[in-house]
file coords02.cif (mmCIF, C-alpha atoms and all ligand atoms; chains and numbers go by the auth columns)
data_protein
loop_
_atom_site.group_PDB
_atom_site.id
_atom_site.type_symbol
_atom_site.label_atom_id
_atom_site.label_comp_id
_atom_site.label_asym_id
_atom_site.label_seq_id
_atom_site.Cartn_x
_atom_site.Cartn_y
_atom_site.Cartn_z
_atom_site.B_iso_or_equiv
_atom_site.auth_seq_id
_atom_site.auth_asym_id
ATOM 1 C CA MET A 1 68.474 89.614 70.357 0.00 419 A
ATOM 2 C CA GLN A 2 69.124 90.112 66.625 0.00 420 A
ATOM 3 C CA LEU A 3 65.825 91.973 66.308 0.00 421 A
ATOM 4 C CA MET A 4 66.574 93.913 69.491 0.00 422 A
ATOM 5 C CA PHE A 5 69.903 95.075 68.025 0.00 423 A
ATOM 6 C CA VAL A 6 68.293 96.220 64.759 0.00 424 A
ATOM 7 C CA LEU A 7 65.530 97.993 66.734 0.00 425 A
ATOM 8 C CA ILE A 8 68.019 99.858 68.964 0.00 426 A
ATOM 9 C CA VAL A 9 69.990 101.042 65.919 0.00 427 A
ATOM 10 C CA LEU A 10 66.804 102.088 64.092 0.00 428 A
ATOM 11 C CA LEU A 11 65.531 103.982 67.156 0.00 429 A
ATOM 12 C CA GLY A 12 68.827 105.853 67.379 0.00 430 A
ATOM 13 C CA HIS A 13 68.490 106.802 63.730 0.00 431 A
ATOM 14 C CA ALA A 14 64.874 107.899 64.253 0.00 432 A
ATOM 15 C CA VAL A 15 66.155 110.457 66.780 0.00 433 A
ATOM 16 C CA PHE A 16 68.730 111.512 64.201 0.00 434 A
ATOM 17 C CA LEU A 17 66.078 111.810 61.480 0.00 435 A
ATOM 18 C CA PHE A 18 63.373 113.665 63.418 0.00 436 A
ATOM 19 C CA ASP A 19 65.318 115.667 66.026 0.00 437 A
ATOM 20 C CA MET A 20 68.771 116.363 64.639 0.00 438 A
ATOM 21 C CA LEU A 21 68.449 116.604 60.854 0.00 439 A
ATOM 22 C CA PRO A 22 66.003 119.565 60.956 0.00 440 A
ATOM 23 C CA ILE A 23 68.479 121.498 63.166 0.00 441 A
ATOM 24 C CA LEU A 24 71.461 120.550 60.986 0.00 442 A
ATOM 25 C CA TYR A 25 69.727 121.598 57.756 0.00 443 A
ATOM 26 C CA LYS A 26 68.392 124.788 59.299 0.00 444 A
ATOM 27 C CA TYR A 27 71.828 126.088 60.270 0.00 445 A
ATOM 28 C CA GLU A 28 74.159 124.239 57.897 0.00 446 A
ATOM 29 C CA PHE A 29 71.990 123.833 54.812 0.00 447 A
ATOM 30 C CA GLU A 30 74.983 123.879 52.440 0.00 448 A
ATOM 31 C CA LYS A 31 76.410 120.637 53.863 0.00 449 A
ATOM 32 C CA ASN A 32 75.225 117.052 53.304 0.00 450 A
ATOM 33 C CA HIS A 33 74.352 115.501 56.672 0.00 451 A
ATOM 34 C CA VAL A 34 72.817 112.235 55.448 0.00 452 A
ATOM 35 C CA VAL A 35 75.320 110.368 53.283 0.00 453 A
ATOM 36 C CA PHE A 36 78.032 109.742 55.885 0.00 454 A
ATOM 37 C CA PRO A 37 75.790 108.471 58.750 0.00 455 A
ATOM 38 C CA MET A 38 73.888 106.272 56.271 0.00 456 A
ATOM 39 C CA PHE A 39 77.169 104.856 54.954 0.00 457 A
ATOM 40 C CA VAL A 40 78.281 104.039 58.514 0.00 458 A
ATOM 41 C CA ALA A 41 74.922 102.438 59.388 0.00 459 A
ATOM 42 C CA PHE A 42 74.772 100.295 56.247 0.00 460 A
ATOM 43 C CA THR A 43 78.399 99.177 56.663 0.00 461 A
ATOM 44 C CA ASN A 44 77.582 98.136 60.216 0.00 462 A
ATOM 45 C CA PHE A 45 74.439 96.286 59.106 0.00 463 A
ATOM 46 C CA PHE A 46 76.442 94.518 56.404 0.00 464 A
ATOM 47 C CA PHE A 47 79.007 93.197 58.909 0.00 465 A
ATOM 48 C CA PHE A 48 76.208 92.371 61.373 0.00 466 A
ATOM 49 C CA HIS A 49 74.511 90.315 58.663 0.00 467 A
ATOM 50 C CA MET A 50 77.793 88.570 57.818 0.00 468 A
ATOM 51 C CA SER A 51 78.473 87.835 61.518 0.00 469 A
ATOM 52 C CA CYS A 52 74.984 86.327 61.825 0.00 470 A
ATOM 53 C CA THR A 53 75.079 84.168 58.717 0.00 471 A
ATOM 54 C CA ALA A 54 78.693 83.305 57.827 0.00 472 A
ATOM 55 C CA ASP A 55 80.049 79.871 58.769 0.00 473 A
ATOM 56 C CA PRO A 56 82.303 80.241 61.848 0.00 474 A
ATOM 57 C CA GLY A 57 84.147 77.062 60.843 0.00 475 A
ATOM 58 C CA GLU A 58 81.835 74.197 61.713 0.00 476 A
ATOM 59 C CA ILE A 59 83.805 70.949 61.975 0.00 477 A
ATOM 60 C CA THR A 60 82.257 67.976 60.206 0.00 478 A
ATOM 61 C CA PRO A 61 83.713 64.511 59.537 0.00 479 A
ATOM 62 C CA SER A 62 84.520 65.603 55.966 0.00 480 A
ATOM 63 C CA ASN A 63 86.636 68.660 56.923 0.00 481 A
ATOM 64 C CA LEU A 64 88.017 67.293 60.223 0.00 482 A
ATOM 65 C CA GLU A 65 91.370 66.386 58.704 0.00 483 A
ATOM 66 C CA LYS A 66 91.896 69.859 57.239 0.00 484 A
ATOM 67 C CA TYR A 67 91.188 71.594 60.572 0.00 485 A
ATOM 68 C CA SER A 68 93.287 69.101 62.570 0.00 486 A
ATOM 69 C CA ASP A 69 96.437 70.127 60.687 0.00 487 A
ATOM 70 C CA ILE A 70 96.217 73.884 61.293 0.00 488 A
ATOM 71 C CA TYR A 71 97.240 74.147 64.985 0.00 489 A
ATOM 72 C CA LYS A 72 99.561 71.917 67.006 0.00 490 A
ATOM 73 C CA PHE A 73 98.532 70.701 70.470 0.00 491 A
ATOM 74 C CA ASP A 74 100.227 72.831 73.113 0.00 492 A
ATOM 75 C CA TYR A 75 99.922 70.240 75.940 0.00 493 A
ATOM 76 C CA LYS A 76 98.796 73.054 78.243 0.00 494 A
ATOM 77 C CA LEU A 77 95.212 73.707 77.228 0.00 495 A
ATOM 78 C CA TYR A 78 94.861 71.366 74.281 0.00 496 A
ATOM 79 C CA TYR A 79 95.855 67.717 74.309 0.00 497 A
ATOM 80 C CA PRO A 80 95.581 65.170 71.517 0.00 498 A
ATOM 81 C CA LYS A 81 92.996 62.409 71.766 0.00 499 A
ATOM 82 C CA THR A 82 90.392 64.673 73.370 0.00 500 A
ATOM 83 C CA PHE A 83 87.077 63.534 72.001 0.00 501 A
ATOM 84 C CA CYS A 84 83.909 65.540 71.588 0.00 502 A
ATOM 85 C CA ARG A 85 81.213 63.537 73.351 0.00 503 A
ATOM 86 C CA THR A 86 78.522 64.860 71.011 0.00 504 A
ATOM 87 C CA CYS A 87 80.285 64.890 67.623 0.00 505 A
ATOM 88 C CA HIS A 88 82.311 61.683 68.339 0.00 506 A
ATOM 89 C CA PHE A 89 85.607 62.774 66.845 0.00 507 A
ATOM 90 C CA MET A 90 89.003 63.902 68.111 0.00 508 A
ATOM 91 C CA LYS A 91 88.836 67.641 68.651 0.00 509 A
ATOM 92 C CA PRO A 92 91.436 69.687 66.724 0.00 510 A
ATOM 93 C CA ALA A 93 93.552 72.033 68.859 0.00 511 A
ATOM 94 C CA ARG A 94 91.742 75.317 69.712 0.00 512 A
ATOM 95 C CA SER A 95 88.341 73.988 68.628 0.00 513 A
ATOM 96 C CA LYS A 96 85.407 73.791 71.021 0.00 514 A
ATOM 97 C CA HIS A 97 81.905 72.391 71.055 0.00 515 A
ATOM 98 C CA CYS A 98 79.118 74.994 71.245 0.00 516 A
ATOM 99 C CA SER A 99 76.272 73.556 73.274 0.00 517 A
ATOM 100 C CA ILE A 100 73.782 76.134 71.937 0.00 518 A
ATOM 101 C CA CYS A 101 74.480 75.417 68.228 0.00 519 A
ATOM 102 C CA ASP A 102 75.370 71.778 68.978 0.00 520 A
ATOM 103 C CA ARG A 103 78.497 71.644 66.823 0.00 521 A
ATOM 104 C CA CYS A 104 82.260 71.802 67.106 0.00 522 A
ATOM 105 C CA VAL A 105 83.788 75.018 65.772 0.00 523 A
ATOM 106 C CA TYR A 106 87.312 75.594 64.486 0.00 524 A
ATOM 107 C CA ARG A 107 89.309 78.146 66.584 0.00 525 A
ATOM 108 C CA PHE A 108 86.220 78.799 68.687 0.00 526 A
ATOM 109 C CA ASP A 109 85.994 82.172 70.418 0.00 527 A
ATOM 110 C CA HIS A 110 82.485 82.425 71.848 0.00 528 A
ATOM 111 C CA HIS A 111 78.787 82.088 71.070 0.00 529 A
ATOM 112 C CA CYS A 112 77.466 85.613 70.544 0.00 530 A
ATOM 113 C CA ILE A 113 73.855 86.091 71.677 0.00 531 A
ATOM 114 C CA TRP A 114 73.480 89.282 69.589 0.00 532 A
ATOM 115 C CA THR A 115 74.366 87.577 66.303 0.00 533 A
ATOM 116 C CA ASN A 116 72.984 84.180 67.421 0.00 534 A
ATOM 117 C CA ASN A 117 76.067 82.632 65.868 0.00 535 A
ATOM 118 C CA ASP A 118 79.447 81.392 66.995 0.00 536 A
ATOM 119 C CA VAL A 119 82.540 83.493 66.544 0.00 537 A
ATOM 120 C CA GLY A 120 85.184 81.173 65.143 0.00 538 A
ATOM 121 C CA GLY A 121 88.195 81.056 62.867 0.00 539 A
ATOM 122 C CA LEU A 122 86.283 81.684 59.637 0.00 540 A
ATOM 123 C CA ASN A 123 84.000 84.571 60.651 0.00 541 A
ATOM 124 C CA VAL A 124 86.029 86.419 63.283 0.00 542 A
ATOM 125 C CA ARG A 125 87.059 89.034 60.671 0.00 543 A
ATOM 126 C CA TYR A 126 83.393 89.937 60.110 0.00 544 A
ATOM 127 C CA PHE A 127 82.750 90.030 63.847 0.00 545 A
ATOM 128 C CA ILE A 128 85.668 92.384 64.515 0.00 546 A
ATOM 129 C CA MET A 129 84.533 94.642 61.651 0.00 547 A
ATOM 130 C CA PHE A 130 81.016 94.551 63.125 0.00 548 A
ATOM 131 C CA LEU A 131 82.347 95.722 66.509 0.00 549 A
ATOM 132 C CA LEU A 132 84.618 98.384 64.995 0.00 550 A
ATOM 133 C CA THR A 133 81.876 99.866 62.795 0.00 551 A
ATOM 134 C CA LEU A 134 79.501 99.752 65.776 0.00 552 A
ATOM 135 C CA VAL A 135 81.928 101.728 67.975 0.00 553 A
ATOM 136 C CA PHE A 136 82.447 104.148 65.095 0.00 554 A
ATOM 137 C CA MET A 137 78.675 104.543 64.590 0.00 555 A
ATOM 138 C CA ALA A 138 78.175 105.260 68.321 0.00 556 A
ATOM 139 C CA ALA A 139 81.065 107.765 68.396 0.00 557 A
ATOM 140 C CA ASN A 140 79.692 109.506 65.305 0.00 558 A
ATOM 141 C CA GLY A 141 76.259 109.652 66.976 0.00 559 A
ATOM 142 C CA VAL A 142 77.762 111.397 70.018 0.00 560 A
ATOM 143 C CA TYR A 143 79.603 113.801 67.706 0.00 561 A
ATOM 144 C CA VAL A 144 76.516 114.663 65.603 0.00 562 A
ATOM 145 C CA ALA A 145 74.321 115.114 68.698 0.00 563 A
ATOM 146 C CA SER A 146 76.761 117.452 70.443 0.00 564 A
ATOM 147 C CA HIS A 147 77.374 119.324 67.196 0.00 565 A
ATOM 148 C CA CYS A 148 73.593 119.883 66.933 0.00 566 A
ATOM 149 C CA LEU A 149 73.404 121.245 70.484 0.00 567 A
ATOM 150 C CA PHE A 150 76.393 123.573 70.043 0.00 568 A
ATOM 151 C CA LEU A 151 74.998 124.806 66.725 0.00 569 A
ATOM 152 C CA TYR A 152 71.645 125.556 68.338 0.00 570 A
ATOM 153 C CA VAL A 153 73.266 127.382 71.272 0.00 571 A
ATOM 154 C CA GLU A 154 75.520 129.432 68.982 0.00 572 A
ATOM 155 C CA LYS A 155 72.887 130.426 66.428 0.00 573 A
ATOM 156 C CA ASN A 156 70.283 131.362 69.033 0.00 574 A
ATOM 157 C CA ASP A 157 72.668 133.228 71.379 0.00 575 A
ATOM 158 C CA ILE A 158 71.580 130.963 74.219 0.00 576 A
ATOM 159 C CA MET A 159 74.682 131.777 76.276 0.00 577 A
ATOM 160 C CA LYS A 160 73.742 135.480 76.215 0.00 578 A
ATOM 161 C CA ALA A 161 70.253 134.808 77.612 0.00 579 A
ATOM 162 C CA SER A 162 69.091 135.227 81.204 0.00 580 A
ATOM 163 C CA VAL A 163 67.163 132.862 83.430 0.00 581 A
ATOM 164 C CA LEU A 164 64.264 133.734 85.701 0.00 582 A
ATOM 165 C CA LEU A 165 64.702 131.605 88.820 0.00 583 A
ATOM 166 C CA ASN A 166 61.832 130.413 91.031 0.00 584 A
ATOM 167 C CA SER A 167 62.892 132.997 93.612 0.00 585 A
ATOM 168 C CA GLY A 168 62.154 135.774 91.101 0.00 586 A
ATOM 169 C CA GLU A 169 65.851 136.486 90.681 0.00 587 A
ATOM 170 C CA ILE A 170 67.279 136.905 87.161 0.00 588 A
ATOM 171 C CA GLN A 171 70.722 135.474 86.411 0.00 589 A
ATOM 172 C CA PRO A 172 72.824 134.904 83.273 0.00 590 A
ATOM 173 C CA VAL A 173 72.713 131.423 81.692 0.00 591 A
ATOM 174 C CA THR A 174 75.452 129.077 82.840 0.00 592 A
ATOM 175 C CA PHE A 175 76.694 126.084 80.846 0.00 593 A
ATOM 176 C CA GLN A 176 74.831 123.678 83.191 0.00 594 A
ATOM 177 C CA ILE A 177 71.521 125.521 82.856 0.00 595 A
ATOM 178 C CA ALA A 178 71.860 125.644 79.052 0.00 596 A
ATOM 179 C CA PHE A 179 72.676 121.937 78.893 0.00 597 A
ATOM 180 C CA GLN A 180 69.756 121.017 81.170 0.00 598 A
ATOM 181 C CA TRP A 181 67.356 123.110 79.116 0.00 599 A
ATOM 182 C CA LEU A 182 68.581 121.739 75.753 0.00 600 A
ATOM 183 C CA VAL A 183 68.432 118.096 76.753 0.00 601 A
HETATM 184 ZN ZN ZN B . 76.901 78.598 69.189 0.00 701 A
HETATM 185 ZN ZN ZN B . 81.310 68.739 69.095 0.00 702 A
#
call {"tool": "encode", "arguments": {"input": "coords02.cif", "output": "structure tokens", "more": "lines below"}}
Ligand SMILES: [Zn+2]
Ligand SMILES: [Zn+2]
result
Amino acid sequence: MQLMFVLIVLLGHAVFLFDMLPILYKYEFEKNHVVFPMFVAFTNFFFFHMSCTADPGEITPSNLEKYSDIYKFDYKLYYPKTFCRTCHFMKPARSKHCSICDRCVYRFDHHCIWTNNDVGGLNVRYFIMFLLTLVFMAANGVYVASHCLFLYVEKNDIMKASVLLNSGEIQPVTFQIAFQWLV
């Protein structure tokens, strides 16, 4: 799934490189169209890497005491003297055992299949930044793609063109026809 994520992002950027950049530089050659998208992509990859590799807060016998002091038991979801059957110690409040990674994690959130790592108290900041930069990258992709299409339509007077229908009739281009043709 990690490879799949990287592949999807790279494929998206291949479309940007081969289909959009030539249009952008043809009509807006004075602007720089590369630096910002590359900055967004590398920031996202950085936080993806950190989410994959950073310690989520694995609980071991040596740090158990430290993690046990952070949260109090609420006697609703978390009770004292709850033992992890695998790790053989008393689970601190808000910790949980991940069966995939086979470890107890401090302030466990979930096991993410995309990062192949747990999201826990110590790496949640990287995970949230990963999600935020990902949403931003996707939104920027939508913006750049639509900007490309509008630029192409404007510079080529597409909306002033006419269409020859199958019936032999000629009609002015509508927004739908232009969109269909561009895509
Ligand atoms: Zn896990
Ligand atoms: Zn455990």
call {"tool": "residues_near_ligand", "arguments": {"input": "coords02.cif", "ligand": "ligand ZN 702 (chain A)", "cutoff": "6 Å", "atoms": "all atoms listed in the file", "output": "ChimeraX atom specification"}}
result
/A:502,504-505,515,521-522
call {"tool": "residues_near_ligand", "arguments": {"input": "coords02.cif", "ligand": "ligand ZN 701 (chain A)", "cutoff": "8 Å", "atoms": "all atoms listed in the file", "output": "tab-separated table (two decimals) with C-alpha atoms, keeping the file's coordinate frame"}}
result
chain	number	residue	atom	x	y	z
A	516	CYS	CA	79.12	74.99	71.24
A	517	SER	CA	76.27	73.56	73.27
A	518	ILE	CA	73.78	76.13	71.94
A	519	CYS	CA	74.48	75.42	68.23
A	520	ASP	CA	75.37	71.78	68.98
A	521	ARG	CA	78.50	71.64	66.82
A	528	HIS	CA	82.48	82.42	71.85
A	529	HIS	CA	78.79	82.09	71.07
A	530	CYS	CA	77.47	85.61	70.54
A	534	ASN	CA	72.98	84.18	67.42
A	535	ASN	CA	76.07	82.63	65.87
A	536	ASP	CA	79.45	81.39	67.00
A	537	VAL	CA	82.54	83.49	66.54
call {"tool": "resolve_selection", "arguments": {"input": "coords02.cif", "expression": "the PyMOL selection byres (((chain A and resi 554-571) around 12) and not hetatm)", "output": "JSON, numbers by chain"}}
result
{"A": [426, 427, 430, 431, 432, 433, 434, 435, 437, 438, 439, 440, 441, 442, 443, 444, 445, 446, 451, 452, 454, 455, 456, 457, 458, 459, 460, 461, 462, 463, 547, 548, 549, 550, 551, 552, 553, 572, 573, 574, 575, 576, 577, 578, 579, 591, 592, 593, 595, 596, 597, 598, 599, 600, 601]}
call {"tool": "residues_around", "arguments": {"input": "coords02.cif", "residues": "stretch 485-489 of chain A", "least_positions_apart": "2", "cutoff": "8 Å", "atoms": "only C-alpha atoms", "output": "PyMOL selection string"}}
result
chain A and resi 477+481-483+491+509-512+524
call {"tool": "resolve_selection", "arguments": {"input": "coords02.cif", "expression": "the PyMOL selection byres (((chain A and resi 466) around 8) and not hetatm)", "output": "PDB file with C-alpha atoms, keeping the file's coordinate frame"}}
result
ATOM      1  CA  ASN A 462      77.582  98.136  60.216  1.00  0.00           C
ATOM      2  CA  PHE A 463      74.439  96.286  59.106  1.00  0.00           C
ATOM      3  CA  PHE A 464      76.442  94.518  56.404  1.00  0.00           C
ATOM      4  CA  PHE A 465      79.007  93.197  58.909  1.00  0.00           C
ATOM      5  CA  HIS A 467      74.511  90.315  58.663  1.00  0.00           C
ATOM      6  CA  MET A 468      77.793  88.570  57.818  1.00  0.00           C
ATOM      7  CA  SER A 469      78.473  87.835  61.518  1.00  0.00           C
ATOM      8  CA  CYS A 470      74.984  86.327  61.825  1.00  0.00           C
ATOM      9  CA  THR A 533      74.366  87.577  66.303  1.00  0.00           C
ATOM     10  CA  TYR A 544      83.393  89.937  60.110  1.00  0.00           C
ATOM     11  CA  PHE A 545      82.750  90.030  63.847  1.00  0.00           C
ATOM     12  CA  PHE A 548      81.016  94.551  63.125  1.00  0.00           C
TER      13      PHE A 548
END
call {"tool": "closest_residue", "arguments": {"input": "coords02.cif", "among": "A:Pro590, A:Pro479, A:Pro498, A:Gly538", "to": "A:Ser513", "atoms": "only C-alpha atoms"}}
result
A:Gly538
call {"tool": "closest_residue", "arguments": {"input": "coords02.cif", "among": "A:Phe507, A:Gly586, A:Glu476, A:Val581", "to": "A:Arg525", "atoms": "all atoms listed in the file"}}
result
A:Glu476
call {"tool": "atom_distance", "arguments": {"input": "coords02.cif", "atom1": "atom CA of A:Leu495", "atom2": "atom CA of A:Pro474"}}
result
21.1 Å
call {"tool": "axis_aligned_box", "arguments": {"input": "coords02.cif", "around": "stretch 522-539 of chain A", "padding_each_side": "3 Å", "output": "JSON"}}
result
{"center_x": 81.1, "center_y": 80.5, "center_z": 67.4, "size_x": 22.3, "size_y": 23.5, "size_z": 15.0}
call {"tool": "atom_distance", "arguments": {"input": "coords02.cif", "atom1": "atom CA of A:Ile531", "atom2": "atom CA of A:Met422"}}
result
10.9 Å
call {"tool": "atom_distance", "arguments": {"input": "coords02.cif", "atom1": "atom CA of A:Tyr497", "atom2": "atom CA of A:Val523"}}
result
16.5 Å
call {"tool": "decode", "arguments": {"input": "coords02.cif", "residues": "stretch 443-523 of chain A", "atoms": "C-alpha atoms", "output": "compact mmCIF listing (two decimals), in the first residue's frame"}}
result
# COMPACT_ATOMS: atom_id res chain seq x y z
CA TYR A 443 4.22 27.37 -20.40
CA LYS A 444 2.72 28.01 -23.82
CA TYR A 445 0.21 30.57 -22.55
CA GLU A 446 1.78 31.79 -19.30
CA PHE A 447 5.49 31.50 -20.06
CA GLU A 448 6.40 34.39 -17.72
CA LYS A 449 5.22 32.50 -14.62
CA ASN A 450 6.93 29.63 -12.77
CA HIS A 451 4.59 26.63 -12.72
CA VAL A 452 6.96 24.04 -11.24
CA VAL A 453 8.28 25.26 -7.89
CA PHE A 454 5.00 25.41 -5.96
CA PRO A 455 3.59 21.96 -6.97
CA MET A 456 7.02 20.39 -6.34
CA PHE A 457 7.18 22.03 -2.90
CA VAL A 458 3.72 20.65 -2.05
CA ALA A 459 4.60 17.15 -3.31
CA PHE A 460 7.91 16.98 -1.43
CA THR A 461 6.32 18.29 1.78
CA ASN A 462 3.68 15.58 1.48
CA PHE A 463 6.31 12.89 0.83
CA PHE A 464 8.29 14.10 3.84
CA PHE A 465 5.29 13.73 6.18
CA PHE A 466 4.38 10.41 4.53
CA HIS A 467 7.90 9.16 5.23
CA MET A 468 7.70 10.38 8.84
CA SER A 469 4.27 8.73 9.32
CA CYS A 470 5.70 5.46 7.98
CA THR A 471 8.88 5.41 10.03
CA ALA A 472 8.41 7.43 13.24
CA ASP A 473 7.73 5.59 16.50
CA PRO A 474 4.00 5.90 17.34
CA GLY A 475 4.81 5.35 21.02
CA GLU A 476 5.55 1.66 21.39
CA ILE A 477 5.19 0.60 25.03
CA THR A 478 8.00 -1.57 26.36
CA PRO A 479 8.72 -2.69 29.94
CA SER A 480 11.37 0.06 30.20
CA ASN A 481 9.04 2.98 29.30
CA LEU A 482 5.82 1.51 30.77
CA GLU A 483 6.03 3.62 33.91
CA LYS A 484 6.42 6.87 31.98
CA TYR A 485 3.36 6.17 29.78
CA SER A 486 1.25 4.95 32.73
CA ASP A 487 1.47 8.37 34.39
CA ILE A 488 0.24 10.47 31.46
CA TYR A 489 -3.52 9.70 31.45
CA LYS A 490 -5.80 8.78 34.35
CA PHE A 491 -8.23 5.86 34.04
CA ASP A 492 -11.71 7.19 33.30
CA TYR A 493 -13.58 4.08 34.56
CA LYS A 494 -15.77 4.27 31.45
CA LEU A 495 -13.56 2.94 28.68
CA TYR A 496 -10.31 2.42 30.54
CA TYR A 497 -9.98 0.60 33.83
CA PRO A 498 -6.86 -0.07 35.87
CA LYS A 499 -5.48 -3.59 36.06
CA THR A 500 -6.34 -4.38 32.44
CA PHE A 501 -3.56 -6.58 31.19
CA CYS A 502 -2.34 -7.02 27.65
CA ARG A 503 -2.43 -10.76 27.01
CA THR A 504 0.47 -10.54 24.55
CA CYS A 505 2.79 -7.99 26.20
CA HIS A 506 2.00 -9.18 29.79
CA PHE A 507 1.79 -5.79 31.46
CA MET A 508 -0.93 -3.50 32.78
CA LYS A 509 -2.11 -1.35 29.90
CA PRO A 510 -1.84 2.43 30.47
CA ALA A 511 -5.08 4.38 29.92
CA ARG A 512 -5.79 5.08 26.21
CA SER A 513 -3.19 2.57 25.00
CA LYS A 514 -4.12 -0.38 22.81
CA HIS A 515 -2.46 -3.48 21.43
CA CYS A 516 -2.05 -3.54 17.64
CA SER A 517 -2.43 -7.11 16.45
CA ILE A 518 -0.77 -6.36 13.09
CA CYS A 519 2.41 -4.83 14.60
CA ASP A 520 2.13 -7.01 17.72
CA ARG A 521 2.84 -4.26 20.24
CA CYS A 522 1.05 -1.97 22.65
CA VAL A 523 0.97 1.68 21.56
